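Q: My structure is below; once you've seen it, I'll send some questions.
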Number of protein chains: 2
Amino acid sequence: MTRLLIIGGSDAGISAALRARELDAAVEPTIIMADQFPNFSICGLPFFISGEVLDWRNLAHRTAEEITGQGIHVRMNHWAETIDPVQKMVTVKDPSGQRQFLSYDKLILGTGGTSVYPHLPGLDLPGVYPLRWMADSFAVHKQVTEQAPQQAVIIGAGYIGLEMADALTLRGLGVTLIQRSESILKTVDPSLSQLVQDELQRRGVEVVTGVSVRQIESKENRLVVSDANGLKRVTDLVIVAVGVNPSTQLAQTAGIQTGIRGAIQVNRRMETNFSDIYAAGDCVETYHRLLKQNTYLPLGTTAHKQGRIAGENAVGGSREFEGSLGTQVVKIFDVAAARTGLRDDDAAAAGFNPVTVETEAWDHKVYYPGAHKLRIRVTGDRTSGRLLGAQIAGHYQGEVAKRIDIFATALFHHMTVDAINDLDLSYTPPLGSPWDAVQMATQGWLRQFSEFSRQEVPLHL
Amino acid sequence: MTRLLIIGGSDAGISAALRARELDAAVEPTIIMADQFPNFSICGLPFFISGEVLDWRNLAHRTAEEITGQGIHVRMNHWAETIDPVQKMVTVKDPSGQRQFLSYDKLILGTGGTSVYPHLPGLDLPGVYPLRWMADSFAVHKQVTEQAPQQAVIIGAGYIGLEMADALTLRGLGVTLIQRSESILKTVDPSLSQLVQDELQRRGVEVVTGVSVRQIESKENRLVVSDANGLKRVTDLVIVAVGVNPSTQLAQTAGIQTGIRGAIQVNRRMETNFSDIYAAGDCVETYHRLLKQNTYLPLGTTAHKQGRIAGENAVGGSREFEGSLGTQVVKIFDVAAARTGLRDDDAAAAGFNPVTVETEAWDHKVYYPGAHKLRIRVTGDRTSGRLLGAQIAGHYQGEVAKRIDIFATALFHHMTVDAINDLDLSYTPPLGSPWDAVQMATQGWLRQFSEFSRQEVPLHL
């Protein structure tokens, strides 16, 4: 019987264990995890803090009982200290501080990521929080519910920063969002992130861009956040959300090869440089389907897929990860912004000849009540006519999320921009148009590059 | 200069004209149409009658001025009488009753469909309506707004019948829906149409299935609808919506080949048996991408695509219609039901070895407020593992329409059921799950047919 050991009880680790069990009932995977919250939805933390999720226990994709009920052993509050890839042995510290030595036939690493901490005086003050694990979340929740803070400063305007601006506003706090670059939500182009910024401001969030926070100080029981040019905000709590790095110290110490930003190097079978050691999720480099090379792209969806593949291969399968397109969506108040594939800069850097065209289209026939205008950006290759990426922003009820998925499915198959018009998509006036908004956007691109709108485009993939 | 003549001013004809102009500015297409409502959204008629669309003029995809502004000549209230494919001449009767003779280099037929009339005494009584053209719609609208009818009977529970049940209920009428077969909405499987039926009944619509109407009589200023077994409903108006047939008498008289249900036979370039005569939309047989043969599948989306291709080829292009998947969605009150591809019966008849598995999945993480449960049916081939079709029903805000489009895009590319799990779809807790509902449904199918869940499936397309 294969002894399958998994380090990490979040998306990648649990997906791996479930898949191994599904394919081989003789395997009883053991999961080592550092806290007592297996399979928790990290992406759900802002909605717990906002009060939209009343009980934090609901954030579990599955309960511990459901996981162990599947024949999976879970050791919570256990800390993996070292891996010996030759002896195939992992040293683990249990909750009492005792060392245990666990041998394995196959090992899967799902050690995840950690919040990036900027070099900033005051980061360790009470009231200053990252937001990555359950413990962070409980601490913020406790302060918000028990101390009735009035003001919050959020440093970083990526997904978590924006969702926290939404969440703390719903909680009644005044929120200042501070972003170092000139626009928020760097994962989409400025014309779309502007829609999100407008929505934040409409809801009373102060958005400050182009500002680097220099320090956080404690003054008269409050916190003071300031930059080098006179910006100063007095606040009760500070959320630091400037990004995520792979957690790979354990792997590096064991001689497992790492690459981009310290992430574990894996092939498409999710194998590391050691046979019998797999890795998946936020701790690994991720194969990009369009770039045909590894990148660092930590996403929950990807962690689930990679974990499933690692679990499958650890019990004798031979499945390959088909690659990420970086498909993402975020909802901030009533606005959703989504993307998939490459934008101009990424695409040009990869040797494509990209151009992006923006189109506005209604989510459904405008004569039917409740139509929302969507802003859709299509990126295509001028040389080949190939679709390279798409971005959509608009009201979240305009099916923004699943429309980006139509583009993602098209990108998966390396379609041309023009071929999107051949897709047989659904239509009824309350929910679409005879040419869906995604097709109106591809037609918008084609009208500017009309040589692609009639000829068969050869694809060199 | 190519003289391009188009018969029919609805979806197919207008799309053809616009595309021809887009590609060749020297062509000035002439459109002959029988009424004065060019490019009207026939699918929108129920929403005009319901009062959701206040001004019928808003139902136009484009106004007559917008069309003529594109360099397209539109002859409204002109009736095409005969086509001479040898002399390349069309005889047209103008509004004054005068005959005109129009010669062409290229002719495109977009003559559409007509409502099926069952053999039923009383069909010609005042207050009995089909619902296909604007004139029908005005007549119903006039009676509903001016005569304050109390009761309506709808014969036929397809898309139009169901939408009219919704519309007339919103208008305050008591509605009885009578369907000959045992379940309504025959385009989806009974477990999904049942959700629609539940919703109709919840809103007060009387749904009668398994009943053939035998006659409609006029009695004391009202109408009486009855069957042969004692069913009798006294009503103020009757909508007959039992299907659509292709309008091809003009074509048939000219010797243009017709086939299934009298629809015009075309190849994938939308050419008829006469060179220089194209046809598109509800009047033609439609190539089905999975069946690899023609069917009769009249849909507005398809009419737009086919018209665009006919217009492109008429001015020298060489584009092929990539095929229909029969993708459809309908919204009845708060429930949407959608389908794409084949169901068990169609697939078995075509030589596949199909099996359908139903899964329930939330549209987004259930811990976030407002989650809707979706019922998803996945049809796959037991022999090859290939995806053959999908159906979804649930609350219309659960992104039912665009989720069916993910399946449609996958079907377009002949994916296996298992490969759906490789798609990089978007996720945020308010709008999805790490494995989207469509992937949970394909995993549900795979769990029942586990040989497909690990091996590479060879595809013989």
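Here's how to read the names in the structure tokens: chain A, B, ... by the order shown, residue numbers from 1 in each chain, ligand numbers from 1 in the order shown.
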Considering only C-alpha atoms, tabulate each residue of chain B that lies at most 8 Å from chain A along with its nearest interatomic pair and the corresponding distance in Å to one decimal; arrange the rows by chain and ascending residue number and present them as a Markdown table.
A:
| residue | atom | partner | partner_atom | distance |
| --- | --- | --- | --- | --- |
| B:Cys43 | CA | A:Pro429 | CA | 6.8 |
| B:Gly44 | CA | A:Pro429 | CA | 6.3 |
| B:Phe47 | CA | A:Tyr368 | CA | 7.2 |
| B:Glu52 | CA | A:Tyr368 | CA | 6.5 |
| B:Val53 | CA | A:Tyr367 | CA | 6.0 |
| B:Asn58 | CA | A:Tyr367 | CA | 5.8 |
| B:Leu59 | CA | A:Tyr367 | CA | 6.4 |
| B:Gly300 | CA | A:Pro434 | CA | 6.2 |
| B:Thr301 | CA | A:Pro434 | CA | 4.6 |
| B:Thr302 | CA | A:Asp424 | CA | 7.5 |
| B:His304 | CA | A:Pro434 | CA | 6.9 |
| B:Lys305 | CA | A:Asp422 | CA | 7.3 |
| B:Glu312 | CA | A:Arg454 | CA | 7.7 |
| B:Gly317 | CA | A:Arg454 | CA | 6.7 |
| B:Ser318 | CA | A:Arg454 | CA | 7.9 |
| B:Arg319 | CA | A:Arg454 | CA | 7.3 |
| B:Phe321 | CA | A:Asp422 | CA | 7.4 |
| B:Glu322 | CA | A:Asp422 | CA | 6.0 |
| B:Gly323 | CA | A:Asp424 | CA | 7.8 |
| B:Ser324 | CA | A:Asp424 | CA | 6.0 |
| B:Leu325 | CA | A:Asp424 | CA | 6.2 |
| B:Gly326 | CA | A:Asp424 | CA | 7.5 |
| B:Thr327 | CA | A:Ser426 | CA | 5.2 |
| B:Gln328 | CA | A:Ser426 | CA | 4.8 |
| B:Val329 | CA | A:Ser426 | CA | 5.7 |
| B:Val330 | CA | A:Thr428 | CA | 5.9 |
| B:Lys331 | CA | A:Pro430 | CA | 7.2 |
| B:Ala338 | CA | A:Ser426 | CA | 7.7 |
| B:Tyr367 | CA | A:Asn58 | CA | 5.8 |
| B:Tyr368 | CA | A:Val53 | CA | 6.1 |
| B:Pro369 | CA | A:Glu52 | CA | 6.7 |
| B:Gln397 | CA | A:Gln397 | CA | 6.9 |
| B:Glu399 | CA | A:Glu399 | CA | 5.8 |
| B:Ala401 | CA | A:Ser426 | CA | 6.3 |
| B:Lys402 | CA | A:Lys402 | CA | 5.5 |
| B:Arg403 | CA | A:Lys402 | CA | 6.1 |
| B:Ile404 | CA | A:Ser426 | CA | 7.2 |
| B:Asp405 | CA | A:Leu425 | CA | 5.3 |
| B:Ile406 | CA | A:Ile406 | CA | 5.3 |
| B:Ala408 | CA | A:Leu425 | CA | 6.5 |
| B:Thr409 | CA | A:Leu423 | CA | 6.4 |
| B:Ala410 | CA | A:Thr409 | CA | 6.8 |
| B:Phe412 | CA | A:Leu423 | CA | 6.9 |
| B:His413 | CA | A:His413 | CA | 7.4 |
| B:Asn421 | CA | A:Lys305 | CA | 7.7 |
| B:Asp422 | CA | A:Glu322 | CA | 6.0 |
| B:Leu423 | CA | A:Thr409 | CA | 6.3 |
| B:Asp424 | CA | A:Ser324 | CA | 6.0 |
| B:Leu425 | CA | A:Asp405 | CA | 5.3 |
| B:Ser426 | CA | A:Gln328 | CA | 4.8 |
| B:Tyr427 | CA | A:Val329 | CA | 6.0 |
| B:Thr428 | CA | A:Val330 | CA | 5.9 |
| B:Pro429 | CA | A:Gly44 | CA | 6.3 |
| B:Pro430 | CA | A:Lys331 | CA | 7.2 |
| B:Leu431 | CA | A:Ala401 | CA | 6.7 |
| B:Gly432 | CA | A:Ala401 | CA | 7.9 |
| B:Pro434 | CA | A:Thr301 | CA | 4.6 |
| B:Trp435 | CA | A:Thr301 | CA | 6.6 |
| B:Arg454 | CA | A:Gly317 | CA | 6.7 |
Q: From the DSSP assignment of the backbone, select every residue of segment 122-272 of chain B that is alpha helix (DSSP H), and format the answer as a ChimeraX atom specification.
A: /B:134-146,159-170,190-202,249-253
Q: Name all residues at most 12 Å from segment 218-225 of chain A (count only C-alpha atoms; drop same-chain ones fewer than 3 positions away) and give them as a ChimeraX atom specification.
A: /A:120-128,147,149-155,176-178,211-215,228-240
Q: Create the file for the chosen residues now, containing N, CA, C and O atoms and written as a compact mmCIF listing (two decimals), in the first residue's frame.
A:
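Final file, out.txt:
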# COMPACT_ATOMS: atom_id res chain seq x y z
N LEU A 120 8.77 48.16 6.51
CA LEU A 120 7.96 49.30 6.94
C LEU A 120 7.99 49.34 8.46
O LEU A 120 7.54 48.40 9.11
N PRO A 121 8.52 50.42 9.03
CA PRO A 121 8.48 50.52 10.50
C PRO A 121 7.03 50.54 10.99
O PRO A 121 6.20 51.21 10.39
N GLY A 122 6.78 49.78 12.03
CA GLY A 122 5.43 49.77 12.61
C GLY A 122 4.60 48.59 12.22
O GLY A 122 3.47 48.43 12.69
N LEU A 123 5.12 47.72 11.37
CA LEU A 123 4.34 46.57 10.90
C LEU A 123 3.92 45.64 12.04
O LEU A 123 2.95 44.91 11.92
N ASP A 124 4.73 45.68 13.13
CA ASP A 124 4.45 44.74 14.23
C ASP A 124 3.56 45.35 15.32
O ASP A 124 3.31 44.74 16.34
N LEU A 125 3.04 46.55 15.06
CA LEU A 125 2.18 47.18 16.07
C LEU A 125 0.85 46.44 16.19
O LEU A 125 0.35 45.87 15.21
N PRO A 126 0.25 46.47 17.37
CA PRO A 126 -1.10 45.91 17.49
C PRO A 126 -2.05 46.72 16.59
O PRO A 126 -1.93 47.93 16.50
N GLY A 127 -2.96 46.00 15.93
CA GLY A 127 -3.89 46.68 15.03
C GLY A 127 -3.42 46.69 13.59
O GLY A 127 -4.12 47.18 12.71
N VAL A 128 -2.22 46.13 13.35
CA VAL A 128 -1.72 46.02 11.96
C VAL A 128 -1.75 44.53 11.58
O VAL A 128 -1.19 43.70 12.28
N GLN A 147 -14.19 46.32 19.44
CA GLN A 147 -13.63 47.62 19.80
C GLN A 147 -14.25 48.76 18.99
O GLN A 147 -13.84 49.91 19.14
N PRO A 149 -13.95 50.04 15.98
CA PRO A 149 -13.02 51.00 15.37
C PRO A 149 -13.77 51.87 14.36
O PRO A 149 -14.78 51.45 13.78
N GLN A 150 -13.27 53.10 14.18
CA GLN A 150 -13.93 54.05 13.27
C GLN A 150 -13.28 54.07 11.90
O GLN A 150 -13.95 54.29 10.91
N GLN A 151 -11.98 53.90 11.91
CA GLN A 151 -11.22 54.13 10.67
C GLN A 151 -10.29 52.96 10.37
O GLN A 151 -9.73 52.36 11.29
N ALA A 152 -10.15 52.66 9.09
CA ALA A 152 -9.18 51.65 8.66
C ALA A 152 -8.36 52.19 7.50
O ALA A 152 -8.87 52.94 6.67
N VAL A 153 -7.09 51.80 7.49
CA VAL A 153 -6.25 52.05 6.32
C VAL A 153 -5.88 50.69 5.74
O VAL A 153 -5.50 49.77 6.46
N ILE A 154 -6.03 50.57 4.44
CA ILE A 154 -5.63 49.34 3.75
C ILE A 154 -4.47 49.68 2.84
O ILE A 154 -4.56 50.60 2.01
N ILE A 155 -3.37 48.96 3.02
CA ILE A 155 -2.19 49.19 2.18
C ILE A 155 -2.17 48.09 1.12
O ILE A 155 -2.03 46.91 1.43
N THR A 176 -9.59 54.13 4.08
CA THR A 176 -8.65 54.71 3.13
C THR A 176 -7.84 53.58 2.51
O THR A 176 -7.28 52.75 3.23
N LEU A 177 -7.81 53.56 1.20
CA LEU A 177 -7.08 52.53 0.46
C LEU A 177 -5.86 53.19 -0.15
O LEU A 177 -5.99 54.17 -0.88
N ILE A 178 -4.69 52.68 0.17
CA ILE A 178 -3.46 53.30 -0.33
C ILE A 178 -2.72 52.33 -1.25
O ILE A 178 -2.41 51.21 -0.86
N VAL A 211 1.16 56.41 -3.99
CA VAL A 211 1.72 56.77 -2.67
C VAL A 211 2.34 55.54 -2.01
O VAL A 211 1.71 54.49 -1.92
N SER A 212 3.60 55.70 -1.57
CA SER A 212 4.26 54.63 -0.82
C SER A 212 4.20 54.96 0.66
O SER A 212 4.71 56.00 1.09
N VAL A 213 3.60 54.08 1.43
CA VAL A 213 3.57 54.29 2.87
C VAL A 213 5.00 54.16 3.39
O VAL A 213 5.74 53.25 3.01
N ARG A 214 5.40 55.10 4.28
CA ARG A 214 6.76 55.11 4.80
C ARG A 214 6.81 54.50 6.20
O ARG A 214 7.76 53.83 6.56
N GLN A 215 5.77 54.77 6.99
CA GLN A 215 5.79 54.21 8.34
C GLN A 215 4.39 54.18 8.96
O GLN A 215 3.47 54.86 8.52
N ALA A 228 6.27 59.82 2.71
CA ALA A 228 7.38 60.77 2.83
C ALA A 228 6.99 62.16 2.36
O ALA A 228 7.76 63.10 2.48
N ASN A 229 5.76 62.30 1.82
CA ASN A 229 5.39 63.58 1.21
C ASN A 229 4.23 64.27 1.90
O ASN A 229 3.48 65.02 1.27
N GLY A 230 4.02 63.95 3.16
CA GLY A 230 3.00 64.69 3.90
C GLY A 230 1.67 64.00 4.05
O GLY A 230 0.78 64.50 4.74
N LEU A 231 1.49 62.87 3.40
CA LEU A 231 0.24 62.14 3.63
C LEU A 231 0.25 61.57 5.04
O LEU A 231 1.26 61.04 5.50
N LYS A 232 -0.86 61.71 5.74
CA LYS A 232 -0.95 61.23 7.11
C LYS A 232 -2.40 60.86 7.38
O LYS A 232 -3.31 61.64 7.15
N ARG A 233 -2.63 59.61 7.79
CA ARG A 233 -3.99 59.19 8.12
C ARG A 233 -3.99 58.58 9.52
O ARG A 233 -3.22 57.66 9.80
N VAL A 234 -4.85 59.12 10.37
CA VAL A 234 -5.01 58.56 11.72
C VAL A 234 -6.09 57.48 11.63
O VAL A 234 -7.17 57.71 11.08
N THR A 235 -5.78 56.31 12.18
CA THR A 235 -6.67 55.19 11.96
C THR A 235 -6.67 54.25 13.16
O THR A 235 -5.83 54.38 14.07
N ASP A 236 -7.62 53.30 13.14
CA ASP A 236 -7.69 52.34 14.24
C ASP A 236 -7.12 50.98 13.88
O ASP A 236 -6.75 50.21 14.75
N LEU A 237 -7.13 50.69 12.60
CA LEU A 237 -6.50 49.43 12.19
C LEU A 237 -5.94 49.58 10.80
O LEU A 237 -6.37 50.44 10.01
N VAL A 238 -4.95 48.73 10.52
CA VAL A 238 -4.27 48.75 9.22
C VAL A 238 -4.23 47.33 8.68
O VAL A 238 -3.85 46.40 9.40
N ILE A 239 -4.68 47.17 7.45
CA ILE A 239 -4.57 45.88 6.77
C ILE A 239 -3.45 46.01 5.74
O ILE A 239 -3.46 46.96 4.95
N VAL A 240 -2.52 45.07 5.78
CA VAL A 240 -1.43 45.08 4.81
C VAL A 240 -1.67 43.94 3.83
O VAL A 240 -1.68 42.77 4.21
Q: Do you know which residues are at most 12 Å from Gly51 of chain A counting only C-alpha atoms, after dropping those on the same chain fewer than 5 positions away, and could you put them as a ChimeraX atom specification?
A: /A:44-46,56,140-142,144-145,164,166-172 /B:367-369
